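This report refers to the structure that appears directly beneath it.
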Amino acid sequence: MTTPDIAALSALDERLRWLASWTIHHANHVRPKADGVKVGGHQASSVSISAIMTALYFDALGPNDRVAVKPHAGPILHAIHYLMGSQSRENLENFRGLGGAQSYPSRTKDAIPVDFSTGSVGLGVAITLFSSLIQDYLTARDRVAPDDRGRFVALIGDAELDEGNIYEAIIEGAKHDVRNLWWIVDYNRQSLDATSADRMFERFDEIFSACGWRVVELRYGKKLEAALDAEGGKAIRDWLDTLPNADLSVLHYQGGEKWRERIAADLGKKAETFLDAYDDERLLDLMHDLGGHCLETLTEAFADASKDDIPTFFIAWTIKGYGLPFAGHKDNHAGLMNPTQIAEWREQLGIEEGAEWDRLAGLSDNLSPKVEALIENARIQREKKPRTFGTVTIPAIPAPEGKEQATQAAFGRILMDLSKGGSDLADRVLTTSPDVTVSTNLGGWVNQRGLFKRRDMEDVFANARIPSAQKWAATQAGQHIELGIAESNLFLMLAAAGLAGDQYDHRLFPIGTLYDPFIARGLDALNYGCYQDARFLLVATPSGLTLGSEGGAHQSINPPLIAMGQPGLRHYEPAFADELAAMMEHAFRLIDAEDGESTYLRLSTRPIQQVAREDDGWKQGALDGGYWLHTPQPNADAAIVAMGALLPEAIAAHDELKDELPGLGLLVVTSPDLLHRGWTAAQKARWQGRHEPSHIARLLEPLSRRAGLVTLCDAAPASLSWLGGVAGHRVAPLGVEQFGQTGSLADLYARYRLDQAAITESVAELLLTTS
């Protein structure tokens with residue numbers, strides 16, 4: 001490895017700090033604002049990490065390395081790509097404007113190549129761990145050549161280390177012996193509201209070391225290290241090593257004179273030799289020479305860590321607002337330089353007014369070609385490549401046979417049948433679950449396809465001839481990754497696997513299972529995966545009050561509402577096995593479709609009688625969100641609308657009423673999410689002068705305008721009660737709005753008005769008010 005040009009790197013670092021700060025300043029003080037609202041940005045958080053990113057992007061990183069940049073360092077990332085030529089001046093001038101450079105790095109919305117979207121703190125860090133595991137998985141399948149393997153780097157704001165998902169991730173990583181990870185903390189010791197707690201910092205090295213990580217602390221730069229090693233320096237080092245974070249920040253803000261006063265007051269004669277060697281300006285410069293700003297320290301540390309693949313946790317000491325007028329001030333998180341301050345800085349850098357956007361403005365004739373060479377030779381430099389889809393043939397997924405089936409059991413049988421085939425799809429399926437593999441009916445798939453481990457692990461119970469339904473030997477050929485009980489890790493794993501097609505040109509079809517009530521545990525991570533358009537199939541089971549014997553804590557109520565509000569996630573709740581098979585086939589197609597998305601299936605353990613089908617006419621309606629199981633007569637005055645495991649009650653009520661009310665319809669809703677999307681899309685189309693009736697409007701068209709709808713779901717009634725707004729029908733919403741309790745299905749359905757009697761009574765009340 002060649003010796004880095006520290007002088008050129010330092011000049012480049014300074015240029016990045018200027019471009020990032022100017023981009024933010026331009027958005028707030030130069031670009032016209034019609035609404036007068038502050039645009040914002042994070043000048044202090046950007047400049048604190050600029051040297052770290054300079055050392056990475058222009059020295060340490062290779063073409064196959066992938067980086068998750070801390071959210072508030074987005075302007076530095078944009079500046080880097082501006083110098084590389086992959087970001088335009090137009091986008092920088094429109095920073096935080098519609099269509100411009102995004103506030104926080106975004107895979108889907110930014111024009112630059114972003115490896116991982118960030119913004120929801122902690123998640124961009126943790127996904128790198130699971131992406132490293134996915135790289136191991138693909139390497140074991142010869143989909144990633146050994147020479148093409150990369151390192152996964154997370155740049156972390158120190159306040160992010162308060163996020164619990166980071167620690168859930170490193171515990172999981174220790175189980176799977178993850179490698180090729182660098183997590184680099186921008187330890188500027190300031191969060192949004194205050195300075196960081198000293199005691200917590202003292203624990204970081206212990207926590208990460210216990211999980212198998214190498215911990216590297218970069219506290220002092222080369223210049224400060226030399227001063228502390230010189231005569232009189234030991235007392236200063238001992239004093240600095242114990243100085244509280246808040247005191248450090250105050251002194252960094254106050255300047256060299258206050259540093260001198262404080263050192264003299266605390267150390268007296270012990271500090272005389274040290275202090276006599278520096279005037280105030282040089283003293284301040286020396287005390288600002290922390291490890292996270294010293295490019296020589298950074299490049300050496302990264303070079304040493306590159307010699308192996310041990311996961312490494314770097315603690316790089318920095319100053320928030322480094323080099324800016326408010327460096328170290330506790331209120332500088334969202335602080336902005338005013339026009340006078342930015343003008344003074346521009347003059348100090350030798351940048352002419354009007355040349356602020358010039359790529360290498362202010363650099364000397366000697367340094368410019370050296371900096372140009374660093375940019376041109378950056379090994380990580382790459383353009384944003386287009387996403388590819390339609391690469392995998394999806395076979396037909398037949399429905400399992402059986403007169404009475406639960407959708408959860410049918411899911412297991414469908415996967416079992418898929419596992420026995422030799423299709424390209426089956427070989428690309430990767431399943432994962434947070435310690436509920438067996439109870440979500442993934443056991444058969446795992447028996448056939450095996451557990452994945454970087455190192456083979458025998459099934460000790462099988463070797464001991466102990467009978468077990470689970471035959472789980474672990475090899476590099478396995479297609480199931482078992483996780484601990486942490487739903488956040490599940491969704492991060494799904495997101496990492498769902499990006500394999502983009503990152504490795506080999507699409508995986510990730511399937512994750514969990515208990516439906518516990519989706520909310522990992523909801524932030526689920527939203528994070530959807531935000532960057534990672535594609536996966538989420539199977540949540542069992543659901544609702546229908547899981548009667550397990551009690552209220554395991555009876556989900558609001559997941560359909562969660563799904564309705566989640567972009568990038570399609571929700572289905574099938575009642576019958578043939579619906580489930582059609583939805584799984586469609587979900588696989590959506591994973592590999594340009595206009596696709598992820599899919600969430602809400603399943604049940606309740607076995608229900610399957611319906612006889614005359615043809616496949618129901619199927620497209622089911623995939624679009626609903627279909628008539630019993631079509632109403634024209635101008636009918638009532639219809640029953642039901643979803644999921646409560647179809648038996650709806651069918652029984654319809655059978656009871658059909659002779660008395662021959663026009664009564666029974667509508668099966670398979671996706672309130674898709675029906676609602678279609679309805680709102682039709683409204684938007686009307687505003688644009690187009691009249692395109694939605695699927696739900698067409699379904700309800702046979703009913704009279706005064707008709708009533710009895711809606712029934714094992715979930716919050718709001719999941720379906722909105723249907724009354726489509727055509728002005730009155731609604732009797734039946735559902736669950738309270739925490740459940742243990743009991744038989746009959747008792748619970750009666751208690752919460754989900755039974756046949758509640759449906760027939762509601763139909764009667766609607767007809768009575770109509771007449």
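By convention here, the chains of the structure tokens are called A, B, ... in the order presented, each chain's residues are numbered starting at 1, and ligands are numbered starting at 1 in the order presented.
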What lies within 9 Å of region 561-567 of chain A using only C-alpha atoms, ignoring chain neighbours under 5 positions off, as a ChimeraX atom specification? /A:520,523,527,530-531,597,600,672-674,676-677,715-716,718-719
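The environment of Leu483 (chain A) within 10 Å, counting only C-alpha atoms and disregarding residues fewer than 5 places along the same chain, consists of Glu172, Gly173, Lys175, His176, Thr432, Ser433, Pro434, Asp435, Val436, Thr437, Asn489, Leu490 and Met493 of chain A.
Distance-wise, CA of Leu547 (chain A) and CA of Tyr515 (chain A) end up 10.8 Å apart.
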Using DSSP secondary structure from the backbone, list all strand (DSSP E) positions within region 457-669 of chain A, as a ChimeraX atom specification. /A:474-475,480-483,509-514,537-540,569-572,598-602,608-609,626-630,636-643,665-669
Long-range neighbours of Glu383 (chain A) as a list in words, 9 Å cut-off, only C-alpha atoms, 5 positions minimum in chain: Gly85, Ser86, Ile112 and Pro113 of chain A
Extract, using only C-alpha atoms, all DNA, RNA and protein residues at most 7 Å from region 731-734 of chain A, discarding same-chain residues fewer than 4 positions from it, and format them as a ChimeraX atom specification. /A:708-713,717,721,724,753-754,762
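Non-sequential neighbours of Asp578 (chain A) (distance at most 10 Å, separation of 6 or more positions within a chain, only C-alpha atoms) are Ile397, Pro398, Ala399, Pro400, Glu401, Thr407, Ala410, Met584, Gln610, Val611, Arg613 and Lys619 of chain A.
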With C-alpha atoms kept, could you save the residues just selected as a compact mmCIF listing (two decimals), in the first residue's frame?
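Writing done, so here's result.txt:
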```txt
# COMPACT_ATOMS: atom_id res chain seq x y z
CA ILE A 397 -47.52 -21.87 -6.91
CA PRO A 398 -50.26 -24.52 -6.53
CA ALA A 399 -52.57 -24.48 -3.54
CA PRO A 400 -52.20 -27.37 -1.06
CA GLU A 401 -55.10 -29.79 -1.03
CA THR A 407 -53.49 -20.41 6.34
CA ALA A 410 -50.92 -23.99 4.26
CA MET A 584 -47.32 -15.91 -2.44
CA GLN A 610 -62.27 -24.39 2.13
CA VAL A 611 -64.69 -23.16 -0.52
CA ARG A 613 -64.35 -22.82 -6.86
CA LYS A 619 -58.24 -14.81 -8.33
```
Rows by chain and residue number, region 247-354 of chain A within 9 Å of region 32-53 of chain A, shortest pair, only C-alpha atoms, as JSON lines:
```
{"residue": "A:Gly292", "atom": "CA", "partner": "A:Ile52", "partner_atom": "CA", "distance": 6.2}
{"residue": "A:His293", "atom": "CA", "partner": "A:Ala51", "partner_atom": "CA", "distance": 5.3}
{"residue": "A:Cys294", "atom": "CA", "partner": "A:Ala51", "partner_atom": "CA", "distance": 7.1}
{"residue": "A:Leu295", "atom": "CA", "partner": "A:Ala51", "partner_atom": "CA", "distance": 6.4}
{"residue": "A:Leu298", "atom": "CA", "partner": "A:Ile52", "partner_atom": "CA", "distance": 6.8}
{"residue": "A:Thr299", "atom": "CA", "partner": "A:Ile52", "partner_atom": "CA", "distance": 8.8}
{"residue": "A:Ala316", "atom": "CA", "partner": "A:Ile52", "partner_atom": "CA", "distance": 8.3}
{"residue": "A:Thr318", "atom": "CA", "partner": "A:Ser48", "partner_atom": "CA", "distance": 5.9}
{"residue": "A:Ile319", "atom": "CA", "partner": "A:Ser48", "partner_atom": "CA", "distance": 5.6}
{"residue": "A:Lys320", "atom": "CA", "partner": "A:Ser48", "partner_atom": "CA", "distance": 5.0}
{"residue": "A:Gly321", "atom": "CA", "partner": "A:Ala44", "partner_atom": "CA", "distance": 3.7}
{"residue": "A:Tyr322", "atom": "CA", "partner": "A:Ser48", "partner_atom": "CA", "distance": 5.4}
{"residue": "A:Gly323", "atom": "CA", "partner": "A:Val47", "partner_atom": "CA", "distance": 7.7}
{"residue": "A:Leu324", "atom": "CA", "partner": "A:Ala44", "partner_atom": "CA", "distance": 7.5}
{"residue": "A:Phe326", "atom": "CA", "partner": "A:Ala44", "partner_atom": "CA", "distance": 7.9}
{"residue": "A:Ala327", "atom": "CA", "partner": "A:Ala44", "partner_atom": "CA", "distance": 7.2}
{"residue": "A:Gly328", "atom": "CA", "partner": "A:Ala44", "partner_atom": "CA", "distance": 8.9}
{"residue": "A:Asn332", "atom": "CA", "partner": "A:Ala44", "partner_atom": "CA", "distance": 6.3}
{"residue": "A:His333", "atom": "CA", "partner": "A:Ala44", "partner_atom": "CA", "distance": 6.1}
{"residue": "A:Ala334", "atom": "CA", "partner": "A:His42", "partner_atom": "CA", "distance": 5.3}
{"residue": "A:Gly335", "atom": "CA", "partner": "A:His42", "partner_atom": "CA", "distance": 7.0}
{"residue": "A:Leu336", "atom": "CA", "partner": "A:Gln43", "partner_atom": "CA", "distance": 6.6}
{"residue": "A:Met337", "atom": "CA", "partner": "A:Gln43", "partner_atom": "CA", "distance": 8.1}
```
Need to verify the contact set: Leu666 (chain A), 6 Å, only C-alpha atoms, exclusion of same-chain residues closer than 5 positions in sequence. Can you return it as number ranges by chain? A: 628-630, 639-641
Identify all residues of region 260-350 of chain A in alpha helix (DSSP H) (DSSP on the backbone) and supply them as number ranges by chain. A: 260-267, 272-276, 280-287, 295-305, 339-349
Mind writing the picked residues with C-alpha atoms as a PDB file, in the first residue's frame?
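Saved the output as again-v2.pdb:
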```pdb
ATOM      1  CA  ARG A 260      -4.195  28.266  29.102  1.00  0.00           C
ATOM      2  CA  GLU A 261      -6.095  29.614  32.114  1.00  0.00           C
ATOM      3  CA  ARG A 262      -7.757  26.280  32.855  1.00  0.00           C
ATOM      4  CA  ILE A 263      -4.568  24.217  32.495  1.00  0.00           C
ATOM      5  CA  ALA A 264      -2.651  26.632  34.684  1.00  0.00           C
ATOM      6  CA  ALA A 265      -5.398  26.676  37.312  1.00  0.00           C
ATOM      7  CA  ASP A 266      -5.687  22.878  37.464  1.00  0.00           C
ATOM      8  CA  LEU A 267      -2.016  21.907  37.142  1.00  0.00           C
ATOM      9  CA  GLU A 272       4.620  25.603  33.017  1.00  0.00           C
ATOM     10  CA  THR A 273       7.059  23.890  30.629  1.00  0.00           C
ATOM     11  CA  PHE A 274       4.218  22.794  28.359  1.00  0.00           C
ATOM     12  CA  LEU A 275       2.427  26.140  28.295  1.00  0.00           C
ATOM     13  CA  ASP A 276       5.598  28.148  27.739  1.00  0.00           C
ATOM     14  CA  ASP A 280      -2.688  31.044  22.601  1.00  0.00           C
ATOM     15  CA  GLU A 281      -3.287  30.485  18.883  1.00  0.00           C
ATOM     16  CA  ARG A 282      -0.883  27.539  18.672  1.00  0.00           C
ATOM     17  CA  LEU A 283      -2.231  26.121  21.926  1.00  0.00           C
ATOM     18  CA  LEU A 284      -5.774  26.090  20.548  1.00  0.00           C
ATOM     19  CA  ASP A 285      -4.565  24.499  17.317  1.00  0.00           C
ATOM     20  CA  LEU A 286      -2.746  21.838  19.341  1.00  0.00           C
ATOM     21  CA  MET A 287      -5.754  21.020  21.530  1.00  0.00           C
ATOM     22  CA  LEU A 295      -5.410  12.320   8.698  1.00  0.00           C
ATOM     23  CA  GLU A 296      -2.108  10.659   9.495  1.00  0.00           C
ATOM     24  CA  THR A 297      -3.659   8.962  12.541  1.00  0.00           C
ATOM     25  CA  LEU A 298      -6.769   7.956  10.590  1.00  0.00           C
ATOM     26  CA  THR A 299      -5.005   6.548   7.535  1.00  0.00           C
ATOM     27  CA  GLU A 300      -2.608   4.531   9.691  1.00  0.00           C
ATOM     28  CA  ALA A 301      -5.441   3.081  11.768  1.00  0.00           C
ATOM     29  CA  PHE A 302      -7.482   2.127   8.703  1.00  0.00           C
ATOM     30  CA  ALA A 303      -4.446   0.582   7.027  1.00  0.00           C
ATOM     31  CA  ASP A 304      -3.718  -1.554  10.099  1.00  0.00           C
ATOM     32  CA  ALA A 305      -7.327  -2.742  10.313  1.00  0.00           C
ATOM     33  CA  PRO A 339     -23.375  35.583   6.068  1.00  0.00           C
ATOM     34  CA  THR A 340     -20.596  37.545   7.768  1.00  0.00           C
ATOM     35  CA  GLN A 341     -19.033  34.415   9.242  1.00  0.00           C
ATOM     36  CA  ILE A 342     -19.165  32.440   5.979  1.00  0.00           C
ATOM     37  CA  ALA A 343     -17.648  35.406   4.102  1.00  0.00           C
ATOM     38  CA  GLU A 344     -14.765  35.626   6.576  1.00  0.00           C
ATOM     39  CA  TRP A 345     -14.113  31.901   6.208  1.00  0.00           C
ATOM     40  CA  ARG A 346     -14.218  32.173   2.417  1.00  0.00           C
ATOM     41  CA  GLU A 347     -11.558  34.877   2.529  1.00  0.00           C
ATOM     42  CA  GLN A 348      -9.379  32.811   4.870  1.00  0.00           C
ATOM     43  CA  LEU A 349      -9.527  29.929   2.384  1.00  0.00           C
TER      44      LEU A 349
END
```
Give me the residues within 9 Å of Ile380 (chain A) as a PyMOL selection string, counting only C-alpha atoms and dropping any in the same chain fewer than 4 places off. chain A and resi 57-58+60-66
Please save N, CA and C atoms of the selected residues as a PDB file, in the first residue's frame.
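Below is the file again18.pdb, written as the result:
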```
ATOM      1  N   TYR A  57     -12.772   7.663   1.901  1.00  0.00           N
ATOM      2  CA  TYR A  57     -13.138   7.703   0.485  1.00  0.00           C
ATOM      3  C   TYR A  57     -11.940   7.925  -0.441  1.00  0.00           C
ATOM      4  N   PHE A  58     -10.905   8.566   0.065  1.00  0.00           N
ATOM      5  CA  PHE A  58      -9.784   8.894  -0.822  1.00  0.00           C
ATOM      6  C   PHE A  58      -8.499   8.155  -0.466  1.00  0.00           C
ATOM      7  N   ALA A  60      -8.679   4.710   2.062  1.00  0.00           N
ATOM      8  CA  ALA A  60      -8.845   3.372   2.637  1.00  0.00           C
ATOM      9  C   ALA A  60      -9.802   2.464   1.872  1.00  0.00           C
ATOM     10  N   LEU A  61     -10.869   3.023   1.299  1.00  0.00           N
ATOM     11  CA  LEU A  61     -11.943   2.188   0.761  1.00  0.00           C
ATOM     12  C   LEU A  61     -11.662   1.727  -0.662  1.00  0.00           C
ATOM     13  N   GLY A  62     -12.128   0.500  -0.954  1.00  0.00           N
ATOM     14  CA  GLY A  62     -12.005  -0.069  -2.281  1.00  0.00           C
ATOM     15  C   GLY A  62     -13.334  -0.107  -3.000  1.00  0.00           C
ATOM     16  N   PRO A  63     -13.344  -0.588  -4.243  1.00  0.00           N
ATOM     17  CA  PRO A  63     -14.557  -0.537  -5.076  1.00  0.00           C
ATOM     18  C   PRO A  63     -15.703  -1.402  -4.565  1.00  0.00           C
ATOM     19  N   ASN A  64     -15.421  -2.405  -3.732  1.00  0.00           N
ATOM     20  CA  ASN A  64     -16.468  -3.301  -3.258  1.00  0.00           C
ATOM     21  C   ASN A  64     -16.905  -3.000  -1.830  1.00  0.00           C
ATOM     22  N   ASP A  65     -16.336  -1.954  -1.236  1.00  0.00           N
ATOM     23  CA  ASP A  65     -16.725  -1.570   0.117  1.00  0.00           C
ATOM     24  C   ASP A  65     -18.016  -0.761   0.069  1.00  0.00           C
ATOM     25  N   ARG A  66     -18.807  -0.897   1.130  1.00  0.00           N
ATOM     26  CA  ARG A  66     -20.100  -0.206   1.184  1.00  0.00           C
ATOM     27  C   ARG A  66     -20.223   0.521   2.510  1.00  0.00           C
TER      28      ARG A  66
END
```
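The interatomic distance for the pair CA of Ser21 (chain A) and CA of Leu290 (chain A) works out to 20.8 Å.
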